[in-house]
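Structure file my_file-v1.txt (compact mmCIF, C-alpha atoms) follows.
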# COMPACT_ATOMS: atom_id res chain seq x y z
CA MET A 13 -9.43 -5.29 -22.53
CA LEU A 14 -6.58 -7.78 -22.87
CA VAL A 15 -5.03 -9.09 -19.64
CA LYS A 16 -2.21 -11.47 -18.82
CA THR A 17 -1.06 -12.03 -15.23
CA CYS A 18 1.02 -14.55 -13.34
CA SER A 19 1.51 -15.43 -9.69
CA SER A 20 4.01 -13.41 -7.67
CA ASP A 21 5.48 -16.81 -6.75
CA ASP A 22 6.36 -17.45 -10.40
CA ASP A 23 10.10 -16.76 -10.44
CA GLY A 24 10.18 -15.93 -14.13
CA GLY A 25 7.24 -13.59 -14.39
CA ILE A 26 5.54 -13.27 -17.76
CA THR A 27 7.84 -14.58 -20.48
CA ARG A 28 8.92 -12.71 -23.59
CA ASN A 29 6.92 -15.12 -25.73
CA GLU A 30 3.80 -14.46 -23.66
CA LEU A 31 4.35 -10.71 -24.03
CA LYS A 32 4.76 -11.10 -27.79
CA GLU A 33 1.54 -13.13 -27.98
CA ILE A 34 -0.62 -10.60 -26.16
CA ILE A 35 0.95 -7.70 -28.11
CA SER A 36 0.26 -9.52 -31.39
CA GLU A 37 -3.34 -10.12 -30.33
CA TYR A 38 -3.76 -6.44 -29.45
CA ILE A 39 -2.30 -5.24 -32.76
CA GLU A 40 -4.45 -7.64 -34.76
CA LYS A 41 -7.61 -6.52 -32.95
CA LYS A 42 -7.06 -2.77 -32.58
CA VAL A 43 -4.25 -1.58 -34.87
CA ALA A 44 -4.59 -3.69 -38.02
CA GLY A 45 -5.29 -1.48 -41.03
CA LYS A 46 -4.02 1.70 -39.37
CA ASN A 47 -1.46 3.76 -41.26
CA LYS A 48 -0.04 6.24 -38.77
CA ILE A 49 0.84 5.30 -35.17
CA LEU A 50 2.26 7.27 -32.23
CA ILE A 51 3.85 5.26 -29.41
CA ILE A 52 4.37 7.05 -26.08
CA PRO A 53 6.65 5.06 -23.76
CA PRO A 54 8.29 6.40 -20.60
CA ASP A 55 11.80 7.85 -20.79
CA GLY A 56 15.04 6.56 -19.32
CA THR A 57 13.99 7.41 -15.77
CA ARG A 58 11.73 4.34 -16.08
CA PHE A 59 14.45 2.16 -17.59
CA HIS A 60 13.67 -0.75 -15.26
CA SER A 61 9.99 -0.88 -16.19
CA GLY A 62 10.45 -3.11 -19.24
CA ALA A 63 8.61 -0.51 -21.32
CA GLY A 64 11.59 -0.18 -23.65
CA MET A 65 11.44 -3.87 -24.52
CA ILE A 66 7.66 -3.71 -25.00
CA THR A 67 8.00 -0.65 -27.22
CA GLU A 68 10.52 -2.51 -29.40
CA MET A 69 8.18 -5.52 -29.62
CA ILE A 70 5.28 -3.32 -30.73
CA TYR A 71 7.44 -1.45 -33.23
CA LYS A 72 8.74 -4.66 -34.82
CA LYS A 73 5.27 -6.18 -35.00
CA LEU A 74 3.88 -3.05 -36.63
CA LYS A 75 6.76 -2.87 -39.10
CA GLU A 76 5.74 -6.22 -40.54
CA ASN A 77 3.47 -3.89 -42.49
CA GLN A 78 6.08 -1.84 -44.36
CA GLU A 79 3.64 0.92 -45.28
CA ILE A 80 2.90 1.97 -41.72
CA GLU A 81 4.28 5.25 -40.31
CA ILE A 82 5.46 5.04 -36.68
CA ASP A 83 6.57 7.88 -34.40
CA ILE A 84 7.85 7.31 -30.87
CA MET A 85 7.77 10.14 -28.33
CA PRO A 86 9.16 9.29 -24.87
CA ALA A 87 7.06 10.91 -22.13
CA LEU A 88 9.80 13.23 -20.89
CA GLY A 89 7.74 15.66 -18.85
CA THR A 90 10.40 18.05 -17.52
CA HIS A 91 13.25 15.52 -17.75
CA GLU A 92 16.37 15.82 -19.84
CA PRO A 93 15.95 14.46 -23.41
CA MET A 94 17.44 11.05 -24.14
CA GLY A 95 20.53 10.84 -26.34
CA LYS A 96 21.23 8.21 -28.98
CA LYS A 97 23.04 5.89 -26.56
CA ALA A 98 20.26 6.08 -23.95
CA LEU A 99 17.60 5.44 -26.59
CA LYS A 100 19.55 2.45 -27.87
CA ASN A 101 20.01 1.03 -24.36
CA MET A 102 16.31 1.28 -23.59
CA PHE A 103 14.59 0.70 -26.93
CA GLY A 104 16.96 -1.65 -28.71
CA ASP A 105 17.03 -1.65 -32.49
CA ILE A 106 14.39 1.00 -33.20
CA PRO A 107 15.94 3.52 -35.66
CA TYR A 108 16.85 6.87 -34.12
CA GLU A 109 14.89 8.79 -36.76
CA ASN A 110 11.61 7.36 -35.44
CA PHE A 111 11.97 9.25 -32.14
CA ILE A 112 10.40 12.64 -31.43
CA ARG A 113 11.41 14.86 -28.51
CA HIS A 114 8.74 16.37 -26.28
CA ARG A 115 9.59 19.96 -25.31
CA TRP A 116 7.23 20.84 -22.49
CA ARG A 117 7.70 24.60 -22.75
CA LYS A 118 7.32 24.86 -26.55
CA ASP A 119 5.49 22.01 -28.24
CA THR A 120 2.07 22.10 -26.56
CA VAL A 121 -1.42 23.33 -27.43
CA LYS A 122 -4.35 24.15 -25.15
CA ILE A 123 -7.12 21.56 -24.97
CA GLY A 124 -9.11 22.88 -22.01
CA GLU A 125 -9.08 24.43 -18.56
CA ILE A 126 -9.62 23.28 -14.97
CA SER A 127 -11.47 25.72 -12.74
CA ARG A 128 -10.09 27.34 -9.61
CA ASP A 129 -13.04 26.03 -7.59
CA TYR A 130 -12.39 22.43 -8.60
CA LEU A 131 -8.73 22.67 -7.63
CA ALA A 132 -9.68 24.18 -4.27
CA GLU A 133 -12.08 21.28 -3.72
CA LEU A 134 -9.45 18.67 -4.57
CA SER A 135 -6.82 20.28 -2.33
CA GLU A 136 -9.22 20.73 0.61
CA GLY A 137 -8.68 24.48 0.37
CA ARG A 138 -4.86 24.35 0.39
CA PHE A 139 -4.44 25.42 -3.24
CA ALA A 140 -6.87 27.32 -5.44
CA ASP A 141 -5.99 28.27 -9.00
CA SER A 142 -7.21 27.56 -12.50
CA ILE A 143 -5.15 25.33 -14.79
CA GLU A 144 -4.66 25.77 -18.51
CA VAL A 145 -4.32 22.21 -19.82
CA LYS A 146 -1.83 21.94 -22.67
CA ILE A 147 -0.68 18.71 -24.34
CA ASN A 148 1.98 18.07 -26.96
CA GLU A 149 0.69 19.18 -30.35
CA LYS A 150 1.66 15.85 -31.93
CA VAL A 151 -0.71 14.01 -29.56
CA VAL A 152 -3.56 16.43 -30.19
CA MET A 153 -3.06 17.40 -33.85
CA GLY A 154 -0.85 14.70 -35.31
CA ASP A 155 -3.64 12.90 -37.18
CA TYR A 156 -2.62 9.52 -35.76
CA ASP A 157 -4.87 6.53 -36.33
CA ARG A 158 -3.82 5.08 -32.98
CA ILE A 159 -1.85 6.43 -30.00
CA ILE A 160 -0.33 3.72 -27.79
CA SER A 161 0.73 4.79 -24.29
CA ILE A 162 3.06 2.33 -22.55
CA GLY A 163 4.19 2.22 -18.95
CA GLN A 164 4.41 0.62 -15.53
CA VAL A 165 1.77 1.04 -12.83
CA GLN A 166 3.32 1.40 -9.38
CA PRO A 167 3.21 3.73 -6.33
CA HIS A 168 3.99 7.34 -7.23
CA VAL A 169 4.71 10.44 -5.13
CA VAL A 170 2.63 12.92 -7.15
CA VAL A 171 -0.43 11.01 -8.32
CA GLY A 172 -0.57 8.02 -5.96
CA MET A 173 -0.25 5.28 -8.58
CA ALA A 174 1.78 5.93 -11.71
CA ASN A 175 0.86 5.77 -15.36
CA TYR A 176 -2.40 5.66 -17.33
CA THR A 177 -3.33 9.29 -18.10
CA LYS A 178 -0.28 10.64 -16.25
CA ASN A 179 1.87 9.46 -19.15
CA ILE A 180 -0.02 11.90 -21.39
CA VAL A 181 -1.05 14.73 -19.05
CA VAL A 182 2.40 15.12 -17.46
CA GLY A 183 4.76 13.12 -19.69
CA CYS A 184 3.48 14.98 -22.77
CA GLY A 185 2.06 17.99 -20.93
CA GLY A 186 2.74 21.70 -20.74
CA GLU A 187 3.91 24.02 -17.97
CA GLU A 188 0.72 24.69 -16.03
CA ILE A 189 -0.62 21.16 -15.76
CA ILE A 190 2.81 19.80 -14.79
CA ASN A 191 3.52 22.51 -12.24
CA LYS A 192 0.12 22.78 -10.64
CA SER A 193 -0.73 19.09 -10.46
CA HIS A 194 2.62 18.41 -8.76
CA TYR A 195 1.96 21.15 -6.23
CA LEU A 196 -1.58 19.89 -5.64
CA GLY A 197 -0.19 16.49 -4.61
CA ALA A 198 2.53 17.99 -2.42
CA VAL A 199 0.24 20.29 -0.42
CA TYR A 200 -2.35 17.54 -0.04
CA GLY A 201 0.42 15.36 1.42
CA LEU A 202 2.48 12.62 -0.17
CA GLU A 203 1.98 10.41 2.90
CA ARG A 204 -1.76 10.50 2.22
CA LEU A 205 -1.62 9.62 -1.46
CA ILE A 206 1.44 7.53 -2.35
CA GLY A 207 0.35 3.99 -3.19
CA ARG A 208 -3.35 4.94 -3.39
CA ASP A 209 -5.73 5.23 -6.29
CA HIS A 210 -8.32 8.06 -6.51
CA SER A 211 -5.98 10.67 -5.03
CA PRO A 212 -6.80 14.34 -5.71
CA VAL A 213 -4.25 14.39 -8.53
CA ARG A 214 -5.63 11.21 -10.07
CA LYS A 215 -9.14 12.69 -9.90
CA LEU A 216 -7.78 15.73 -11.76
CA TYR A 217 -6.25 13.54 -14.47
CA ASP A 218 -9.43 11.45 -14.69
CA ARG A 219 -11.44 14.62 -15.33
CA ILE A 220 -9.05 15.65 -18.10
CA GLN A 221 -9.34 12.16 -19.62
CA LYS A 222 -13.13 12.27 -19.54
CA ASN A 223 -13.64 15.84 -20.74
CA MET A 224 -10.65 16.50 -23.01
CA PHE A 225 -9.35 13.18 -24.38
CA SER A 226 -12.62 11.74 -25.71
CA ASP A 227 -11.62 12.23 -29.36
CA LEU A 228 -8.10 10.84 -29.03
CA PRO A 229 -7.56 7.26 -30.32
CA LEU A 230 -5.73 6.32 -27.11
CA ASP A 231 -4.88 2.82 -25.92
CA TYR A 232 -2.93 1.99 -22.77
CA VAL A 233 -0.42 -0.84 -22.41
CA LEU A 234 0.16 -1.08 -18.66
CA THR A 235 2.49 -3.41 -16.79
CA VAL A 236 2.92 -4.36 -13.15
CA ASN A 237 6.41 -5.49 -12.13
CA ARG A 238 8.13 -6.97 -9.11
CA SER A 239 10.08 -4.67 -6.80
CA HIS A 240 13.45 -6.11 -7.78
CA ILE A 241 15.80 -5.88 -10.72
CA ASN A 242 17.27 -8.66 -12.82
CA GLN A 243 20.14 -8.29 -15.24
CA ASP A 244 18.19 -8.50 -18.51
CA ARG A 245 18.24 -4.90 -19.83
CA GLY A 246 17.62 -3.73 -16.27
CA LEU A 247 14.19 -5.34 -16.31
CA SER A 248 11.99 -5.89 -13.27
CA ASP A 249 10.04 -9.12 -13.74
CA ILE A 250 6.62 -8.39 -15.24
CA LEU A 251 3.75 -9.88 -13.25
CA GLY A 252 0.91 -8.48 -15.34
CA ILE A 253 0.12 -6.66 -18.56
CA PHE A 254 -3.18 -4.85 -19.10
CA ILE A 255 -4.16 -3.42 -22.50
CA GLY A 256 -7.26 -1.29 -23.05
CA ASP A 257 -8.69 2.19 -23.50
CA ASP A 258 -10.67 2.71 -20.29
CA ARG A 259 -10.34 3.37 -16.54
CA GLU A 260 -10.99 -0.29 -15.71
CA THR A 261 -7.74 -1.24 -17.47
CA PHE A 262 -5.85 1.01 -15.07
CA SER A 263 -7.88 -0.01 -11.99
CA ARG A 264 -7.05 -3.67 -12.49
CA ALA A 265 -3.36 -2.86 -12.84
CA VAL A 266 -3.51 -0.74 -9.68
CA ASN A 267 -4.92 -3.64 -7.69
CA LEU A 268 -2.10 -5.94 -8.78
CA SER A 269 0.57 -3.32 -8.12
CA GLN A 270 -0.73 -2.59 -4.62
CA GLN A 271 -0.39 -6.29 -3.84
CA ASN A 272 3.21 -6.48 -5.08
CA ASN A 273 4.90 -3.06 -4.97
CA ILE A 274 4.06 -1.88 -1.45
CA ASN A 275 6.56 -3.33 1.01
CA TYR A 276 5.26 -3.35 4.59
CA PHE A 277 7.17 -3.34 7.88
CA ASP A 278 5.76 -4.01 11.34
CA LYS A 279 8.11 -1.42 12.86
CA PRO A 280 10.04 1.60 11.50
CA ILE A 281 13.47 1.14 9.95
CA GLN A 282 16.38 2.88 11.65
CA LYS A 283 18.67 2.95 8.62
CA PHE A 284 18.11 2.53 4.89
CA VAL A 285 20.95 2.20 2.42
CA VAL A 286 19.71 2.95 -1.11
CA TYR A 287 21.74 2.51 -4.29
CA LEU A 288 21.23 4.74 -7.33
CA ASP A 289 22.23 3.16 -10.63
CA PRO A 290 24.52 5.71 -12.36
CA ASP A 291 22.89 4.98 -15.73
CA GLU A 292 19.51 6.07 -14.34
CA PHE A 293 20.20 8.62 -11.59
CA SER A 294 22.44 11.63 -12.21
CA SER A 295 20.53 14.29 -10.22
CA THR A 296 18.91 14.73 -6.82
CA TRP A 297 15.74 15.52 -8.78
CA LEU A 298 15.58 11.82 -9.67
CA GLY A 299 17.65 10.41 -6.83
CA ASN A 300 15.27 11.71 -4.18
CA LYS A 301 13.07 8.73 -4.92
CA ALA A 302 15.28 7.22 -2.24
CA ILE A 303 13.70 9.66 0.23
CA TYR A 304 10.05 9.92 -0.65
CA ARG A 305 9.61 6.22 -1.39
CA THR A 306 10.95 5.27 2.05
CA ARG A 307 9.85 8.16 4.25
CA LEU A 308 6.76 6.29 5.50
CA ALA A 309 9.06 3.55 6.80
CA VAL A 310 12.09 5.40 8.19
CA ALA A 311 12.16 5.76 11.99
CA ASP A 312 12.13 9.09 13.81
CA GLY A 313 15.80 9.95 14.24
CA GLY A 314 16.72 7.41 11.56
CA GLU A 315 18.84 7.88 8.46
CA ILE A 316 18.75 7.26 4.71
CA ILE A 317 22.17 6.71 3.13
CA ILE A 318 21.94 7.31 -0.62
CA ALA A 319 24.84 5.82 -2.59
CA ALA A 320 24.92 7.90 -5.79
CA PRO A 321 27.96 7.15 -7.97
CA GLY A 322 26.45 8.94 -11.00
CA LEU A 323 25.39 12.15 -9.26
CA LYS A 324 26.31 15.17 -11.40
CA THR A 325 23.73 17.85 -10.69
CA ILE A 326 20.77 18.90 -8.56
CA GLY A 327 17.94 19.63 -11.00
CA GLU A 328 17.73 18.36 -14.57
CA ASP A 329 16.08 21.49 -15.94
CA GLU A 330 18.37 24.57 -15.80
CA GLU A 331 15.80 26.84 -14.16
CA PHE A 332 14.65 24.12 -11.77
CA ASP A 333 18.27 23.52 -10.79
CA ARG A 334 18.78 27.21 -9.99
CA ILE A 335 15.68 27.39 -7.79
CA ILE A 336 16.48 24.23 -5.83
CA ARG A 337 19.98 25.53 -5.12
CA LYS A 338 18.52 28.86 -4.01
CA TYR A 339 16.12 27.44 -1.38
CA GLY A 340 17.42 23.94 -0.62
CA TYR A 341 15.24 21.04 0.46
CA ILE A 342 12.94 22.41 3.15
CA ASN A 343 9.93 21.23 5.11
CA LYS A 344 6.40 21.48 3.78
CA LYS A 345 5.29 24.38 5.97
CA LYS A 346 8.30 26.51 5.04
CA ALA A 347 8.06 25.61 1.36
CA MET A 348 4.41 26.65 1.20
CA LYS A 349 5.21 29.93 2.96
CA LEU A 350 8.10 30.69 0.61
CA THR A 351 5.89 29.87 -2.37
CA GLU A 352 3.39 32.49 -1.23
CA GLN A 353 6.20 35.06 -1.01
CA ASN A 354 8.38 34.33 -4.05
CA GLU A 355 7.53 34.67 -7.72
CA ASP A 356 10.09 32.13 -8.94
CA LEU A 357 8.43 29.38 -6.87
CA GLN A 358 4.95 30.52 -7.92
CA GLU A 359 5.98 30.22 -11.56
CA ASN A 360 7.64 26.83 -10.99
CA LEU A 361 5.30 25.00 -8.65
CA ALA A 362 6.74 21.62 -9.62
CA VAL A 363 9.96 22.76 -7.93
CA ALA A 364 8.09 23.83 -4.80
CA ALA A 365 6.52 20.36 -4.76
CA HIS A 366 9.94 18.75 -5.27
CA LEU A 367 11.41 20.65 -2.30
CA ILE A 368 8.63 19.18 -0.15
CA HIS A 369 9.03 15.66 -1.53
CA GLY A 370 12.77 15.70 -0.86
CA SER A 371 12.58 17.00 2.69
CA PRO A 372 13.05 14.76 5.73
CA GLU A 373 10.76 17.22 7.55
CA GLY A 374 13.22 17.37 10.44
CA ARG A 375 12.26 13.81 11.38
CA PHE A 376 15.23 11.85 10.03
CA LYS A 377 18.61 12.41 8.37
CA VAL A 378 19.48 12.21 4.67
CA THR A 379 23.09 11.53 3.67
CA TYR A 380 24.22 11.45 0.05
CA ALA A 381 27.30 9.32 -0.59
CA CYS A 382 28.82 10.68 -3.78
CA ASN A 383 32.05 12.02 -5.20
CA PRO A 384 33.85 14.47 -2.86
CA GLU A 385 33.75 17.34 -5.38
CA PHE A 386 29.95 17.36 -5.01
CA SER A 387 30.12 17.70 -1.23
CA SER A 388 29.47 21.45 -0.99
CA GLU A 389 26.54 21.29 -3.41
CA ILE A 390 24.87 18.56 -1.40
CA LYS A 391 25.37 20.42 1.86
CA ASN A 392 24.07 23.67 0.35
CA VAL A 393 20.70 22.04 -0.39
CA ASN A 394 20.45 20.86 3.25
CA TYR A 395 21.63 17.26 3.03
CA ASN A 396 24.59 15.54 4.65
CA HIS A 397 27.50 14.19 2.62
CA ILE A 398 30.04 11.42 2.92
CA PRO A 399 32.50 10.31 0.23
CA LEU A 400 31.18 7.47 -1.88
CA ASN A 401 34.18 5.21 -1.23
CA GLN A 402 33.70 5.65 2.51
CA ALA A 403 30.08 4.50 2.27
CA GLU A 404 31.03 1.61 0.00
CA ASP A 405 33.62 0.41 2.50
CA LYS A 406 31.52 0.94 5.62
CA TYR A 407 28.34 -0.67 4.30
CA GLU A 408 29.95 -3.19 1.93
CA ILE A 409 27.47 -2.08 -0.74
CA GLU A 410 28.73 -4.40 -3.47
CA SER A 411 27.94 -7.45 -1.33
CA LEU A 412 24.56 -6.32 0.05
CA GLU A 413 21.40 -8.27 -0.73
CA PRO A 414 18.06 -6.45 -1.09
CA GLY A 415 16.34 -6.38 2.29
CA PHE A 416 17.78 -6.65 5.79
CA ASN A 417 21.54 -6.97 6.22
CA GLU A 418 23.79 -6.84 9.29
CA ILE A 419 27.03 -4.90 8.80
CA ASN A 420 29.52 -4.80 11.68
CA GLY A 421 26.73 -5.36 14.17
CA GLU A 422 24.43 -2.72 12.63
CA LYS A 423 21.14 -3.76 11.05
CA ILE A 424 20.33 -1.91 7.82
CA TYR A 425 17.76 -2.30 5.05
CA TYR A 426 19.16 -2.21 1.54
CA ILE A 427 17.24 -1.12 -1.58
CA GLU A 428 18.93 -1.77 -4.93
CA ASN A 429 16.71 0.69 -6.83
CA PRO A 430 14.12 3.01 -5.21
CA ALA A 431 12.16 3.37 -8.46
CA THR A 432 10.67 -0.11 -8.16
CA GLY A 433 8.29 0.23 -5.19
CA VAL A 434 7.42 1.98 -1.94
CA TRP A 435 8.38 0.97 1.59
CA VAL A 436 6.02 1.73 4.49
CA TYR A 437 5.55 1.18 8.20
CA GLN A 438 2.07 -0.32 8.42
CA GLU A 439 0.75 2.03 11.12
CA ARG A 440 1.61 5.09 9.01
CA PHE A 441 -0.02 3.85 5.83
Rewrite the coordinates I just gave you, this time as C-alpha cells.
Amino acid sequence: MLVKTCSSDDDGGITRNELKEIISEYIEKKVAGKNKILIIPPDGTRFHSGAGMITEMIYKKLKENQEIEIDIMPALGTHEPMGKKALKNMFGDIPYENFIRHRWRKDTVKIGEISRDYLAELSEGRFADSIEVKINEKVVMGDYDRIISIGQVQPHVVVGMANYTKNIVVGCGGEEIINKSHYLGAVYGLERLIGRDHSPVRKLYDRIQKNMFSDLPLDYVLTVNRSHINQDRGLSDILGIFIGDDRETFSRAVNLSQQNNINYFDKPIQKFVVYLDPDEFSSTWLGNKAIYRTRLAVADGGEIIIAAPGLKTIGEDEEFDRIIRKYGYINKKKAMKLTEQNEDLQENLAVAAHLIHGSPEGRFKVTYACNPEFSSEIKNVNYNHIPLNQAEDKYEIESLEPGFNEINGEKIYYIENPATGVWVYQERF
C-alpha cells in the first residue's frame, strides 16, 4: 500500500507535485511492463473529488510508454453519460477516443449470485431476495493487465462510506445489483448507515469483492478531501491518497474521511441554505444530496432551501424520471408499502430507495429555489417551490460564506456543495 496524508490544518492539502510523485511510484511498482490498462474514475457527479485531475496524471504518466493501450470508463452507474465538454472539463487533455461508456442495462455479464437468505440477514428481515451480480463486460472480459479504480472516500447515503468496491459494483454494475443494493440501504435506514463503515451494503460489496473479484487485477486509488471547494477545476483540497488492492487501503481512507467529512453540531439547525452548482446538478436525482446529507442535522419543523439554478429534470434516467413523477417523494413507510403493491417500483428498486432518501419524512420542509417554469414539476413531487431570484435576493446567496450566516436577523447555515460531506446533530448520529 502507498499512502500520503497531510494535516487538516495544512491549508494547501497535498500538492500536485506530491500527487505526481506517489502516482509515479505506484506506476513504477505495479504497472510497469503492462500493455493494456483500464482506468475507472467517477463521472461528472463527482467533479469536485479531484479524480479527474488524478486520472489525467495517471494517463500522462502511462503514455510515456507509447506502446501502452489505455481505456477510461467513467463509473456512470445509472447516471447520464458525459459529453465531450464534460469529459474535457473533468479530465483535461485526455483524448476523447480513449473513453468508453458504461451502459448499465446492456453491457454487463453475470459473475455470481447473492442468496436470498444473505440479503434477509443483512436487512434484518426487511428485504429478502436473491441478486444476480452483473458487471461491465470490459471489466470482466477485457483482458486488461491492470484495472485502476479511482475515487474519493466520503460519507454516502447508500453504502455508508463511498468508493472502493462501490465504484465497480455499482458504477460499472448491472440492473439487479444497483437496484437491490440501493433498496437494501434504504430499508435498513440511511440514518443508521451514512458515514459508517461495515454497513449492510458495504458487507454485501465486500462479499462480492472476496468471492467474485479475486481474479481481477484491481488496484484502488482512493482520496480523502476537505468538505469545501476551491476554484482550481472545482477541486476539494486532498488530505490523503491511499493506493492498494486490499480492504485495508479502504479502511485507512475511511478513518481519515470520518475525521474530516462529518460535520457535527451540538444542536439541530433550523434552516439550511444549500447551493447546487449548475455544472454538476441538473436533476433532483442528484440535487437531493442537499436533503439526505443534512437530514441528521435539520431541526424538527426546520427547512432546507435548495438553490438550484441548473435544475432541468427530476430523474436522469427516462424510466426513473417517469416513476418519480408518478409517486413523488414519500416517506419510508409509504414507499415500502407502494413497492410491495406496484410492479414498476419492484422492477426499479433504486427509484424506491431514492424516494425514501429524498423524503423529509414529514419532519421538516424542503423548498427548491429554481426557475419558475419548473414550479409545477417540483410541487408535483411533493416539494415546495420559490423562484430562484427570490431566494437569491432574500438569502443573499452570492455573498454567503460556508457555515453560519445571519441574514436580516435570521440565522442560517450555508453549504456551497452538498456532495463534499455530511452534516449531523451529534445526538442523532
Please define a box with edges along x, y and z of the file around all atoms of range 122-127 of chain A given in the file, extend it by 4 Å on each side, and return its centre and edge lengths in Å to one decimal, as JSON.
{"center_x": -7.9, "center_y": 23.6, "center_z": -18.9, "size_x": 15.1, "size_y": 12.2, "size_z": 20.4}
Write out as a VMD selection string the residues lying within 8 Å of Leu323 in chain A, counting all atoms listed in the file and excluding same-chain residues fewer than 6 positions away. chain A and resid 290 293 to 296 382 to 383
Shell of 10 Å around Lys146 in chain A, only C-alpha atoms, local chain residues under 5 positions omitted, as a VMD selection string: chain A and resid 116 to 117 119 to 125 152 181 to 182 184 to 190
Which one of A:Tyr176, A:Asn148, A:Gly340, A:Lys46 sits closest to Glu260 in chain A if you count all atoms listed in the file?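 Among A:Tyr176, A:Asn148, A:Gly340, A:Lys46, it is A:Tyr176 that comes nearest to Glu260 in chain A.
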I'd like the contact shell of Ala362 in chain A - 9 Å cut-off, all atoms listed in the file, skipping same-chain residues fewer than 5 positions apart - returned as a list in words.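 Everything that qualifies: Ile190, Asn191, Lys192, Ser193, His194, Tyr195, Phe332, Leu357 and Leu367 of chain A.
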So, counting only C-alpha atoms, which residue among A:Ile147, A:Arg307, A:Pro280, A:Thr351 is closest to Val169 in chain A? A:Arg307
